[in-house]
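Chemist: My file is input_26.txt. It has compact mmCIF, C-alpha atoms:
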# COMPACT_ATOMS: atom_id res chain seq x y z
CA MET A 1 -18.22 34.00 -4.87
CA THR A 2 -21.80 34.33 -3.56
CA GLN A 3 -22.31 37.47 -5.64
CA ASN A 4 -22.33 35.35 -8.79
CA THR A 5 -25.75 34.52 -10.16
CA PRO A 6 -26.00 31.37 -12.31
CA GLY A 7 -24.41 31.79 -15.69
CA GLN A 8 -22.18 34.64 -14.56
CA ASP A 9 -18.49 34.30 -13.98
CA LYS A 10 -15.40 36.45 -14.08
CA PRO A 11 -13.67 35.72 -17.36
CA LEU A 12 -10.20 34.21 -17.46
CA ILE A 13 -7.76 37.04 -18.13
CA ILE A 14 -4.27 36.17 -19.34
CA ALA A 15 -1.87 39.00 -20.11
CA GLY A 16 -4.75 41.47 -20.31
CA LYS A 17 -6.76 39.42 -22.79
CA THR A 18 -10.11 37.88 -21.89
CA TYR A 19 -10.86 34.24 -22.70
CA SER A 20 -14.18 32.44 -22.46
CA SER A 21 -12.70 28.94 -22.20
CA ARG A 22 -10.74 27.84 -19.17
CA LEU A 23 -9.46 24.75 -20.96
CA LEU A 24 -6.09 25.09 -22.68
CA VAL A 25 -5.02 22.29 -24.97
CA GLY A 26 -1.91 20.97 -26.64
CA THR A 27 -1.49 19.86 -30.23
CA GLY A 28 0.96 16.98 -29.77
CA LYS A 29 0.54 13.22 -30.26
CA TYR A 30 -2.46 13.33 -32.61
CA LYS A 31 -2.76 10.89 -35.51
CA ASP A 32 -2.67 13.71 -38.06
CA LEU A 33 -3.41 17.40 -38.46
CA ASP A 34 -7.05 16.74 -39.31
CA GLU A 35 -7.62 14.95 -36.02
CA THR A 36 -5.72 17.75 -34.24
CA ALA A 37 -8.01 20.38 -35.72
CA ARG A 38 -11.20 18.45 -34.91
CA ALA A 39 -10.15 17.77 -31.31
CA ILE A 40 -9.13 21.38 -30.69
CA GLU A 41 -12.45 22.55 -32.13
CA ALA A 42 -14.42 20.15 -29.90
CA SER A 43 -12.47 21.24 -26.81
CA GLY A 44 -13.68 24.81 -27.22
CA ALA A 45 -10.21 26.00 -26.19
CA ASP A 46 -9.07 29.52 -27.03
CA ILE A 47 -5.42 29.03 -26.05
CA VAL A 48 -3.54 26.28 -27.82
CA THR A 49 0.03 25.17 -27.21
CA MET A 50 2.60 24.25 -29.85
CA ALA A 51 6.28 23.38 -30.00
CA VAL A 52 9.13 24.92 -31.98
CA ARG A 53 11.28 22.49 -33.92
CA ARG A 54 13.74 22.40 -36.81
CA THR A 55 11.98 22.28 -40.15
CA ASN A 56 12.46 19.07 -42.04
CA LEU A 57 14.82 19.97 -44.89
CA GLY A 58 13.64 17.14 -47.09
CA GLN A 59 9.95 17.91 -46.65
CA ASN A 60 7.47 18.39 -49.40
CA PRO A 61 6.93 22.16 -49.47
CA ASP A 62 3.18 21.65 -49.95
CA GLU A 63 2.84 19.51 -46.83
CA PRO A 64 0.38 21.23 -44.45
CA ASN A 65 1.79 22.90 -41.41
CA LEU A 66 0.32 23.08 -37.91
CA LEU A 67 -0.33 26.80 -38.33
CA ASP A 68 -2.44 26.06 -41.43
CA VAL A 69 -4.97 24.15 -39.30
CA ILE A 70 -4.56 26.01 -36.00
CA SER A 71 -4.71 29.53 -37.27
CA PRO A 72 -3.04 32.25 -35.18
CA GLU A 73 -5.93 34.51 -36.19
CA ARG A 74 -8.50 32.27 -34.52
CA TYR A 75 -6.55 30.84 -31.57
CA THR A 76 -4.10 32.35 -29.12
CA LEU A 77 -0.99 30.30 -29.73
CA LEU A 78 1.11 29.38 -26.75
CA PRO A 79 4.53 28.19 -27.88
CA ASN A 80 6.23 25.94 -25.34
CA THR A 81 9.84 25.18 -24.47
CA ALA A 82 9.23 21.43 -24.26
CA GLY A 83 12.40 19.39 -24.51
CA CYS A 84 14.57 22.11 -22.94
CA TYR A 85 16.75 21.04 -20.04
CA THR A 86 18.59 24.33 -19.50
CA ALA A 87 17.49 27.93 -19.01
CA ASP A 88 19.58 28.97 -22.03
CA ASP A 89 17.84 26.55 -24.39
CA ALA A 90 14.44 27.63 -23.09
CA VAL A 91 15.20 31.33 -23.61
CA ARG A 92 16.55 30.62 -27.10
CA THR A 93 13.38 28.67 -27.94
CA CYS A 94 11.17 31.55 -26.76
CA ARG A 95 13.09 34.06 -28.87
CA LEU A 96 12.61 31.84 -31.93
CA ALA A 97 8.91 31.44 -31.12
CA ARG A 98 8.46 35.20 -30.91
CA GLU A 99 10.13 35.64 -34.28
CA LEU A 100 8.07 32.78 -35.74
CA LEU A 101 4.79 34.32 -34.54
CA ASP A 102 5.59 37.88 -35.63
CA GLY A 103 6.31 39.34 -32.22
CA HIS A 104 3.63 37.47 -30.23
CA ASN A 105 5.27 37.31 -26.81
CA LEU A 106 3.11 34.86 -24.83
CA VAL A 107 5.09 31.70 -24.03
CA LYS A 108 4.79 28.58 -21.94
CA LEU A 109 8.06 28.11 -20.11
CA GLU A 110 9.02 24.61 -19.09
CA VAL A 111 12.52 23.50 -18.21
CA LEU A 112 12.74 19.81 -17.56
CA GLY A 113 15.11 18.09 -15.18
CA ASP A 114 14.87 14.44 -16.00
CA GLN A 115 13.77 12.37 -19.00
CA LYS A 116 12.03 9.69 -17.01
CA THR A 117 9.76 11.95 -14.96
CA LEU A 118 9.83 15.12 -17.11
CA TYR A 119 9.73 16.82 -13.74
CA PRO A 120 10.51 20.54 -13.91
CA ASP A 121 14.00 21.71 -12.96
CA VAL A 122 12.90 24.62 -10.79
CA VAL A 123 16.36 26.20 -10.52
CA GLN A 124 16.66 26.46 -14.31
CA THR A 125 12.99 27.44 -14.57
CA LEU A 126 13.48 30.39 -12.18
CA LYS A 127 16.60 31.47 -14.07
CA ALA A 128 14.85 31.32 -17.46
CA ALA A 129 11.78 33.10 -16.10
CA GLU A 130 13.91 36.04 -14.90
CA GLN A 131 15.58 36.40 -18.28
CA LEU A 132 12.33 36.09 -20.23
CA VAL A 133 10.54 38.67 -18.09
CA LYS A 134 13.51 41.00 -18.64
CA GLU A 135 13.06 40.50 -22.39
CA GLU A 136 9.36 41.39 -22.07
CA PHE A 137 7.92 37.96 -22.69
CA GLN A 138 4.57 37.15 -21.08
CA VAL A 139 5.49 33.96 -19.27
CA MET A 140 3.06 31.21 -18.32
CA VAL A 141 5.24 28.84 -16.37
CA TYR A 142 5.03 25.11 -15.85
CA THR A 143 6.37 24.17 -12.45
CA SER A 144 6.21 21.67 -9.61
CA ASP A 145 3.43 21.90 -7.02
CA ASP A 146 5.79 23.56 -4.52
CA PRO A 147 3.96 26.63 -3.14
CA LEU A 148 7.20 28.52 -2.45
CA VAL A 149 8.48 28.09 -5.98
CA ALA A 150 5.07 29.10 -7.34
CA ARG A 151 5.26 32.30 -5.29
CA GLN A 152 8.80 33.05 -6.45
CA LEU A 153 7.76 32.64 -10.08
CA GLU A 154 4.90 35.05 -9.51
CA GLU A 155 7.27 37.54 -7.84
CA ILE A 156 9.63 37.35 -10.82
CA GLY A 157 6.75 38.51 -12.98
CA CYS A 158 5.29 35.38 -14.58
CA ILE A 159 1.72 36.15 -15.65
CA ALA A 160 0.38 32.67 -14.85
CA VAL A 161 1.74 29.81 -12.77
CA MET A 162 0.96 26.28 -13.87
CA PRO A 163 1.77 23.59 -11.33
CA LEU A 164 1.66 19.98 -12.43
CA GLY A 165 -1.08 17.67 -11.18
CA ALA A 166 1.13 14.66 -11.93
CA PRO A 167 4.02 14.00 -14.39
CA ILE A 168 3.47 15.04 -18.02
CA GLY A 169 1.61 12.37 -19.97
CA SER A 170 1.07 10.18 -16.89
CA GLY A 171 -2.69 10.64 -16.60
CA LEU A 172 -2.49 10.12 -12.84
CA GLY A 173 -4.71 13.07 -11.91
CA ILE A 174 -4.01 15.59 -9.18
CA ARG A 175 -1.70 13.80 -6.79
CA ASN A 176 -1.32 16.55 -4.25
CA PRO A 177 -4.49 18.65 -4.05
CA TYR A 178 -3.37 20.20 -0.75
CA ASN A 179 -0.32 21.79 -2.36
CA ILE A 180 -2.46 23.13 -5.19
CA ARG A 181 -4.80 24.61 -2.55
CA ILE A 182 -1.92 26.39 -0.83
CA ILE A 183 -0.69 27.71 -4.19
CA LEU A 184 -4.20 29.01 -4.93
CA GLU A 185 -4.47 30.71 -1.56
CA ASN A 186 -1.21 32.61 -2.07
CA ALA A 187 -1.64 33.53 -5.73
CA LYS A 188 -2.47 36.86 -7.33
CA VAL A 189 -1.98 35.56 -10.88
CA PRO A 190 -4.03 32.84 -12.60
CA ILE A 191 -3.15 29.30 -11.47
CA LEU A 192 -3.70 26.55 -14.01
CA VAL A 193 -3.09 22.86 -13.52
CA ASP A 194 -0.78 21.78 -16.32
CA ALA A 195 -0.04 18.09 -16.81
CA GLY A 196 -1.29 14.97 -15.13
CA VAL A 197 -4.96 15.05 -16.11
CA GLY A 198 -6.05 11.60 -17.31
CA THR A 199 -9.80 11.84 -17.66
CA ALA A 200 -12.66 14.29 -17.30
CA SER A 201 -13.09 13.94 -13.54
CA ASP A 202 -9.45 14.99 -13.00
CA ALA A 203 -10.12 18.26 -14.82
CA THR A 204 -13.29 18.79 -12.80
CA VAL A 205 -11.41 18.25 -9.54
CA ALA A 206 -8.89 20.93 -10.51
CA MET A 207 -11.64 23.40 -11.35
CA GLU A 208 -13.70 22.59 -8.22
CA MET A 209 -10.67 23.52 -6.14
CA GLY A 210 -10.74 26.97 -7.69
CA CYS A 211 -8.01 26.69 -10.30
CA ASP A 212 -8.36 29.31 -13.03
CA GLY A 213 -7.92 26.77 -15.79
CA VAL A 214 -6.49 23.44 -16.87
CA LEU A 215 -3.95 22.72 -19.59
CA MET A 216 -3.78 19.25 -21.09
CA ASN A 217 -2.62 17.38 -24.16
CA THR A 218 -2.19 13.62 -23.72
CA ALA A 219 -5.51 13.09 -21.91
CA ILE A 220 -7.25 14.10 -25.13
CA ALA A 221 -4.78 12.95 -27.77
CA ALA A 222 -4.22 9.50 -26.28
CA ALA A 223 -7.92 8.76 -25.72
CA GLN A 224 -9.49 6.11 -27.96
CA ASP A 225 -11.69 8.83 -29.42
CA PRO A 226 -9.84 12.13 -29.00
CA VAL A 227 -12.61 14.31 -30.40
CA ARG A 228 -15.16 12.92 -27.95
CA MET A 229 -12.68 13.25 -25.08
CA ALA A 230 -12.04 16.85 -26.08
CA ARG A 231 -15.74 17.54 -25.70
CA ALA A 232 -15.79 15.68 -22.38
CA MET A 233 -12.96 17.88 -21.15
CA ARG A 234 -14.75 21.04 -22.20
CA LEU A 235 -17.81 19.99 -20.21
CA ALA A 236 -15.68 18.79 -17.29
CA VAL A 237 -13.91 22.14 -16.99
CA GLU A 238 -17.22 24.02 -17.24
CA SER A 239 -18.85 21.74 -14.64
CA GLY A 240 -15.95 22.05 -12.25
CA ARG A 241 -15.95 25.81 -12.56
CA ASP A 242 -19.70 26.01 -11.96
CA ALA A 243 -19.45 23.71 -8.93
CA TYR A 244 -16.66 25.90 -7.53
CA LEU A 245 -18.73 29.06 -8.03
CA ALA A 246 -21.85 27.38 -6.61
CA GLY A 247 -20.03 26.42 -3.43
CA ARG A 248 -20.36 22.80 -2.44
CA MET A 249 -22.36 21.58 0.58
CA PRO A 250 -20.39 20.77 3.69
CA ARG A 251 -19.26 17.20 4.20
CA LYS A 252 -21.00 15.47 7.11
CA LEU A 253 -20.32 12.17 8.76
CA TYR A 254 -23.96 11.20 9.21
CA ALA A 255 -27.03 11.20 7.00
CA SER A 256 -29.53 14.01 6.63
CA ALA A 257 -32.90 13.03 5.10
CA SER A 258 -33.86 14.74 1.87
CA SER A 259 -37.63 14.09 2.29
CA PRO A 260 -39.66 15.70 5.10
CA ILE A 261 -40.41 13.79 8.29
CA ASP A 262 -43.71 15.73 8.78
CA GLY A 263 -46.75 14.23 7.11
CA THR A 264 -45.61 10.63 7.19
CA PHE A 265 -48.70 8.35 7.57
CA PHE A 266 -46.98 5.17 8.78
CA MET B 1 32.16 27.70 -52.04
CA LEU B 2 30.57 28.26 -48.63
CA ASN B 3 30.41 25.62 -45.93
CA ILE B 4 27.56 26.16 -43.53
CA GLN B 5 25.77 24.12 -40.91
CA LEU B 6 22.03 24.07 -41.55
CA ASN B 7 19.75 22.46 -38.95
CA GLY B 8 22.66 20.37 -37.77
CA GLU B 9 23.67 19.22 -41.27
CA ARG B 10 26.74 20.38 -43.18
CA ARG B 11 25.87 22.02 -46.48
CA GLU B 12 27.94 23.43 -49.32
CA LEU B 13 26.59 26.47 -51.12
CA GLU B 14 27.71 27.86 -54.47
CA GLY B 15 28.48 31.55 -54.72
CA SER B 16 27.18 34.35 -52.61
CA VAL B 17 23.83 33.49 -50.98
CA SER B 18 21.42 35.56 -48.89
CA VAL B 19 19.19 33.99 -46.26
CA THR B 20 16.13 34.64 -48.45
CA GLU B 21 17.83 32.82 -51.31
CA LEU B 22 18.73 29.89 -49.07
CA LEU B 23 15.09 29.60 -47.93
CA ASP B 24 13.93 29.78 -51.57
CA ARG B 25 16.33 26.99 -52.56
CA LEU B 26 14.93 24.85 -49.73
CA GLY B 27 11.39 25.39 -51.02
CA PHE B 28 10.42 27.41 -47.95
CA THR B 29 9.27 30.54 -49.77
CA GLY B 30 6.31 32.09 -47.95
CA LYS B 31 6.34 29.55 -45.10
CA ARG B 32 5.95 30.58 -41.46
CA LEU B 33 9.48 30.05 -40.21
CA ALA B 34 12.01 31.61 -37.89
CA VAL B 35 15.73 31.79 -38.55
CA GLU B 36 18.57 31.83 -36.08
CA LEU B 37 22.03 32.73 -37.36
CA ASN B 38 24.95 31.84 -35.10
CA LYS B 39 22.61 31.61 -32.10
CA GLU B 40 21.09 35.06 -32.68
CA ILE B 41 17.59 35.67 -34.04
CA LEU B 42 17.67 36.90 -37.59
CA PRO B 43 14.48 38.97 -38.06
CA LYS B 44 12.49 38.38 -41.25
CA SER B 45 13.17 41.97 -42.28
CA LEU B 46 16.88 41.15 -42.56
CA HIS B 47 16.65 37.88 -44.51
CA ALA B 48 17.06 39.52 -47.90
CA THR B 49 20.09 41.63 -46.99
CA THR B 50 21.95 39.10 -44.83
CA MET B 51 24.60 37.23 -46.81
CA LEU B 52 25.83 33.91 -45.53
CA ASN B 53 29.46 33.48 -44.53
CA ASP B 54 31.67 30.44 -44.41
CA GLY B 55 31.16 28.57 -41.12
CA ASP B 56 27.75 30.07 -40.35
CA ILE B 57 25.46 28.00 -38.20
CA ILE B 58 21.82 28.36 -39.21
CA GLU B 59 18.68 27.02 -37.62
CA VAL B 60 15.39 27.17 -39.49
CA VAL B 61 12.44 26.34 -37.25
CA GLY B 62 8.68 26.11 -37.51
CA ALA B 63 5.65 25.23 -35.41
CA VAL B 64 4.81 21.60 -34.68
CA GLY B 65 2.30 19.90 -32.42
CA GLY B 66 3.20 20.00 -28.75
CA GLY B 67 1.74 20.20 -25.27
As structure tokens, what does this structure read like?

Modeler:
Amino acid sequence: MTQNTPGQDKPLIIAGKTYSSRLLVGTGKYKDLDETARAIEASGADIVTMAVRRTNLGQNPDEPNLLDVISPERYTLLPNTAGCYTADDAVRTCRLARELLDGHNLVKLEVLGDQKTLYPDVVQTLKAAEQLVKEEFQVMVYTSDDPLVARQLEEIGCIAVMPLGAPIGSGLGIRNPYNIRIILENAKVPILVDAGVGTASDATVAMEMGCDGVLMNTAIAAAQDPVRMARAMRLAVESGRDAYLAGRMPRKLYASASSPIDGTFF
Amino acid sequence: MLNIQLNGERRELEGSVSVTELLDRLGFTGKRLAVELNKEILPKSLHATTMLNDGDIIEVVGAVGGG
């Protein structure tokens, strides 16, 4: 990374498309659509996740829709398979998402194993990933921080692997940085930490380790002031990326004076 | 009379109804939606020509906030 002069960086490339922001954000848990739109704007994110759900049959037809405030023309939408506990449900959800978004085939695959932890079911995740790749979806996959599973998902053809930092919505930060490091070392596709970020420093830690990006939702939406937190996360991801590119100083056990010894007059 | 299952609810429909007509009746004209008919995607291009049959299971979905 020493060839990078300040201000220069390789862009994040996902499925052949270049993105300037390395922060990906969700649209869940906001107070209303107005707050959603303002937080997403402040985050600077280019890629924004959404869920696919049954339309409310009794709804007022004039009620604004998520896609009215998060326009598919401005943002790259990343439909998720949240709430799916089987590979079949996840594949079905992705097919509906592709139809909903007029053939847009980028998806975030997540197959959950347990309601209490929302931990990924990696067996079902691998199965769904194989099917989705066969059906020509571009799969960004949420998974555990197991380096072997991450590698298998890459081998199947997922275009980005997104290990969790901690359980979804827990805000516990990156609980196993060593696993994330091993995943990064092995990977030839972008690695993004998805889930677990609680505050700005967590996002910075992920980026300082060399992750290609961070995906978060609750850390912004559940903050007291989501719009301000969205901005904090934008800066945190940028800072962490810059620190990674700059290359940190080595850690030393003992002190090393910052001011010269020569020229002291006492 | 047609009996269908729409987003998990039983519905009775009068006469012969296309998917486009069903969406119109629901007030969904022009909305960004996706339709699944008996667990298969029904592309938008086929909504107008696809007639509903007794016992059909239909899911009409849209985008909502999510992470």

Chemist: Give one line per residue of chain A that approaches chain B to at most 9 Å, naming the two atoms of the closest pair and their distance in Å to one decimal, counting all atoms listed in the file; sort by chain then ascending residue number and deliver it as CSV.

Modeler:
residue,atom,partner,partner_atom,distance
A:Val25,CA,B:Gly67,CA,7.1
A:Gly26,CA,B:Gly67,CA,4.0
A:Thr27,CA,B:Gly65,CA,4.4
A:Gly28,CA,B:Gly66,CA,3.9
A:Lys29,CA,B:Gly65,CA,7.2
A:Tyr30,CA,B:Gly65,CA,8.1
A:Leu33,CA,B:Gly65,CA,8.7
A:Thr36,CA,B:Gly65,CA,8.5
A:Val48,CA,B:Gly67,CA,8.4
A:Thr49,CA,B:Gly67,CA,5.6
A:Met50,CA,B:Gly66,CA,4.4
A:Ala51,CA,B:Gly66,CA,4.7
A:Val52,CA,B:Ala63,CA,4.9
A:Arg53,CA,B:Val61,CA,5.2
A:Arg54,CA,B:Val61,CA,4.2
A:Thr55,CA,B:Val61,CA,5.0
A:Asn56,CA,B:Asn7,CA,8.6
A:Leu57,CA,B:Leu26,CA,6.9
A:Gly58,CA,B:Leu26,CA,8.3
A:Gln59,CA,B:Gly27,CA,8.8
A:Asn60,CA,B:Gly27,CA,8.2
A:Pro61,CA,B:Gly27,CA,5.7
A:Asn65,CA,B:Val64,CA,7.5
A:Leu66,CA,B:Val64,CA,5.7
A:Leu67,CA,B:Ala63,CA,6.8
A:Pro79,CA,B:Ala63,CA,8.2
A:Asn80,CA,B:Gly67,CA,7.3
A:Ala82,CA,B:Gly66,CA,7.7
A:Arg92,CA,B:Lys39,CA,7.9
A:Arg95,CA,B:Ile41,CA,7.0
A:Leu96,CA,B:Ala34,CA,6.0
A:Ala97,CA,B:Ala34,CA,7.4
A:Arg98,CA,B:Ala34,CA,8.6
A:Glu99,CA,B:Ala34,CA,5.7
A:Leu100,CA,B:Ala34,CA,4.6
A:Leu101,CA,B:Arg32,CA,8.0
A:Asp102,CA,B:Lys44,CA,8.9
A:Ala195,CA,B:Gly67,CA,8.9
A:Leu215,CA,B:Gly67,CA,8.4
A:Met216,CA,B:Gly67,CA,7.0
A:Asn217,CA,B:Gly67,CA,5.3
A:Thr218,CA,B:Gly67,CA,7.8

Chemist: Quick one, how far is CA of Leu52 (chain B) from CA of Gln5 (chain B)?

Modeler: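 CA of Gln5 (chain B) lies at a distance of 10.8 Å from CA of Leu52 (chain B).
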
Chemist: Using Å and a single decimal, report how far CA of Thr81 (chain A) sits from CA of Gln115 (chain A).

Modeler: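 Taking CA of Gln115 (chain A) as the start and CA of Thr81 (chain A) as the end point, the length is 14.5 Å.
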
Chemist: Which distance in Å separates CA of Tyr244 (chain A) and CA of Met162 (chain A), to one decimal?

Modeler: 18.7 Å

Chemist: With a distance cut-off of 8 Å and only C-alpha atoms, select the neighbouring residues of Ser239 (chain A), excluding the residue or stretch itself and same-chain residues fewer than 4 positions from it, and output the selection as JSON, numbers by chain.

Modeler: {"A": [204, 235, 243]}

Chemist: Just the residues within 9 Å of region 117-128 of chain A, please, counting only C-alpha atoms, with nothing from its chain fewer than 4 positions along; format it as a ChimeraX atom specification.

Modeler: /A:83,85-91,109-113,132-133,141-144,149,152-153,156,164,167-168

Chemist: What's around Val17 (chain B) at 8 Å? Count only C-alpha atoms, leave out sequence neighbours fewer than 3 positions away in its own chain, and write the answer as a list of chain:residue names.

Modeler: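 Everything that qualifies: B:Leu13, B:Glu14, B:Glu21, B:Leu22, B:Met51, B:Leu52.
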
Chemist: May I have the protein, DNA and RNA residues with an atom at most 12 Å from (-18.3, 15.5, -12.0), counting only C-alpha atoms in the file's coordinates, returned as a PDB file with C-alpha atoms, keeping the file's coordinate frame?

Modeler:
ATOM      1  CA  THR A 199      -9.800  11.840 -17.660  1.00  0.00           C
ATOM      2  CA  ALA A 200     -12.660  14.290 -17.300  1.00  0.00           C
ATOM      3  CA  SER A 201     -13.090  13.940 -13.540  1.00  0.00           C
ATOM      4  CA  ASP A 202      -9.450  14.990 -13.000  1.00  0.00           C
ATOM      5  CA  ALA A 203     -10.120  18.260 -14.820  1.00  0.00           C
ATOM      6  CA  THR A 204     -13.290  18.790 -12.800  1.00  0.00           C
ATOM      7  CA  VAL A 205     -11.410  18.250  -9.540  1.00  0.00           C
ATOM      8  CA  ALA A 206      -8.890  20.930 -10.510  1.00  0.00           C
ATOM      9  CA  MET A 207     -11.640  23.400 -11.350  1.00  0.00           C
ATOM     10  CA  GLU A 208     -13.700  22.590  -8.220  1.00  0.00           C
ATOM     11  CA  ALA A 232     -15.790  15.680 -22.380  1.00  0.00           C
ATOM     12  CA  MET A 233     -12.960  17.880 -21.150  1.00  0.00           C
ATOM     13  CA  LEU A 235     -17.810  19.990 -20.210  1.00  0.00           C
ATOM     14  CA  ALA A 236     -15.680  18.790 -17.290  1.00  0.00           C
ATOM     15  CA  VAL A 237     -13.910  22.140 -16.990  1.00  0.00           C
ATOM     16  CA  GLU A 238     -17.220  24.020 -17.240  1.00  0.00           C
ATOM     17  CA  SER A 239     -18.850  21.740 -14.640  1.00  0.00           C
ATOM     18  CA  GLY A 240     -15.950  22.050 -12.250  1.00  0.00           C
ATOM     19  CA  ARG A 241     -15.950  25.810 -12.560  1.00  0.00           C
ATOM     20  CA  ASP A 242     -19.700  26.010 -11.960  1.00  0.00           C
ATOM     21  CA  ALA A 243     -19.450  23.710  -8.930  1.00  0.00           C
ATOM     22  CA  TYR A 244     -16.660  25.900  -7.530  1.00  0.00           C
TER      23      TYR A 244
END

Chemist: Would you give the centre and edge lengths, in Å to one decimal, of a box along x, y and z around the listed atoms of region 15-19 of chain B, with 6 Å added to each side, as lines of an AutoDock Vina configuration file?

Modeler:
center_x = 23.8
center_y = 33.6
center_z = -50.5
size_x = 21.3
size_y = 16.0
size_z = 20.5

Chemist: List every protein, DNA or RNA residue that has an atom no more than 8 Å from (26.8, 32.1, -38.5) in the file's coordinate frame, counting all atoms listed in the file, and report them as a PyMOL selection string.

Modeler: chain B and resi 4+37-39+52-58

Chemist: Need a file for region 166-172 of chain A from that block: all heavy atoms, written as a PDB file, in the first residue's frame.

Modeler:
ATOM      1  N   ALA A 166     -20.248  -9.125  15.146  1.00  0.00           N
ATOM      2  CA  ALA A 166     -20.961  -9.596  16.334  1.00  0.00           C
ATOM      3  C   ALA A 166     -22.408  -9.818  15.863  1.00  0.00           C
ATOM      4  O   ALA A 166     -22.749  -9.429  14.746  1.00  0.00           O
ATOM      5  CB  ALA A 166     -20.885  -8.557  17.438  1.00  0.00           C
ATOM      6  N   PRO A 167     -23.284 -10.429  16.705  1.00  0.00           N
ATOM      7  CA  PRO A 167     -24.662 -10.651  16.236  1.00  0.00           C
ATOM      8  C   PRO A 167     -25.365  -9.375  15.737  1.00  0.00           C
ATOM      9  O   PRO A 167     -25.099  -8.274  16.228  1.00  0.00           O
ATOM     10  CB  PRO A 167     -25.353 -11.214  17.476  1.00  0.00           C
ATOM     11  CG  PRO A 167     -24.257 -11.926  18.193  1.00  0.00           C
ATOM     12  CD  PRO A 167     -23.036 -11.075  17.990  1.00  0.00           C
ATOM     13  N   ILE A 168     -26.244  -9.571  14.766  1.00  0.00           N
ATOM     14  CA  ILE A 168     -27.028  -8.484  14.168  1.00  0.00           C
ATOM     15  C   ILE A 168     -27.709  -7.660  15.263  1.00  0.00           C
ATOM     16  O   ILE A 168     -28.366  -8.214  16.153  1.00  0.00           O
ATOM     17  CB  ILE A 168     -28.115  -9.070  13.226  1.00  0.00           C
ATOM     18  CG1 ILE A 168     -27.462  -9.770  12.031  1.00  0.00           C
ATOM     19  CG2 ILE A 168     -29.097  -7.990  12.763  1.00  0.00           C
ATOM     20  CD1 ILE A 168     -28.436 -10.560  11.161  1.00  0.00           C
ATOM     21  N   GLY A 169     -27.552  -6.361  15.197  1.00  0.00           N
ATOM     22  CA  GLY A 169     -28.259  -5.488  16.138  1.00  0.00           C
ATOM     23  C   GLY A 169     -27.700  -5.494  17.548  1.00  0.00           C
ATOM     24  O   GLY A 169     -28.268  -4.870  18.441  1.00  0.00           O
ATOM     25  N   SER A 170     -26.567  -6.190  17.781  1.00  0.00           N
ATOM     26  CA  SER A 170     -26.039  -6.279  19.150  1.00  0.00           C
ATOM     27  C   SER A 170     -25.165  -5.077  19.506  1.00  0.00           C
ATOM     28  O   SER A 170     -25.036  -4.736  20.684  1.00  0.00           O
ATOM     29  CB  SER A 170     -25.223  -7.571  19.323  1.00  0.00           C
ATOM     30  OG  SER A 170     -24.016  -7.509  18.573  1.00  0.00           O
ATOM     31  N   GLY A 171     -24.528  -4.469  18.524  1.00  0.00           N
ATOM     32  CA  GLY A 171     -23.658  -3.329  18.804  1.00  0.00           C
ATOM     33  C   GLY A 171     -22.431  -3.672  19.624  1.00  0.00           C
ATOM     34  O   GLY A 171     -21.863  -2.808  20.288  1.00  0.00           O
ATOM     35  N   LEU A 172     -21.997  -4.929  19.566  1.00  0.00           N
ATOM     36  CA  LEU A 172     -20.879  -5.359  20.405  1.00  0.00           C
ATOM     37  C   LEU A 172     -19.517  -5.122  19.769  1.00  0.00           C
ATOM     38  O   LEU A 172     -18.492  -5.396  20.386  1.00  0.00           O
ATOM     39  CB  LEU A 172     -21.033  -6.852  20.754  1.00  0.00           C
ATOM     40  CG  LEU A 172     -22.154  -7.190  21.737  1.00  0.00           C
ATOM     41  CD1 LEU A 172     -22.323  -8.695  21.845  1.00  0.00           C
ATOM     42  CD2 LEU A 172     -21.863  -6.586  23.109  1.00  0.00           C
TER      43      LEU A 172
END
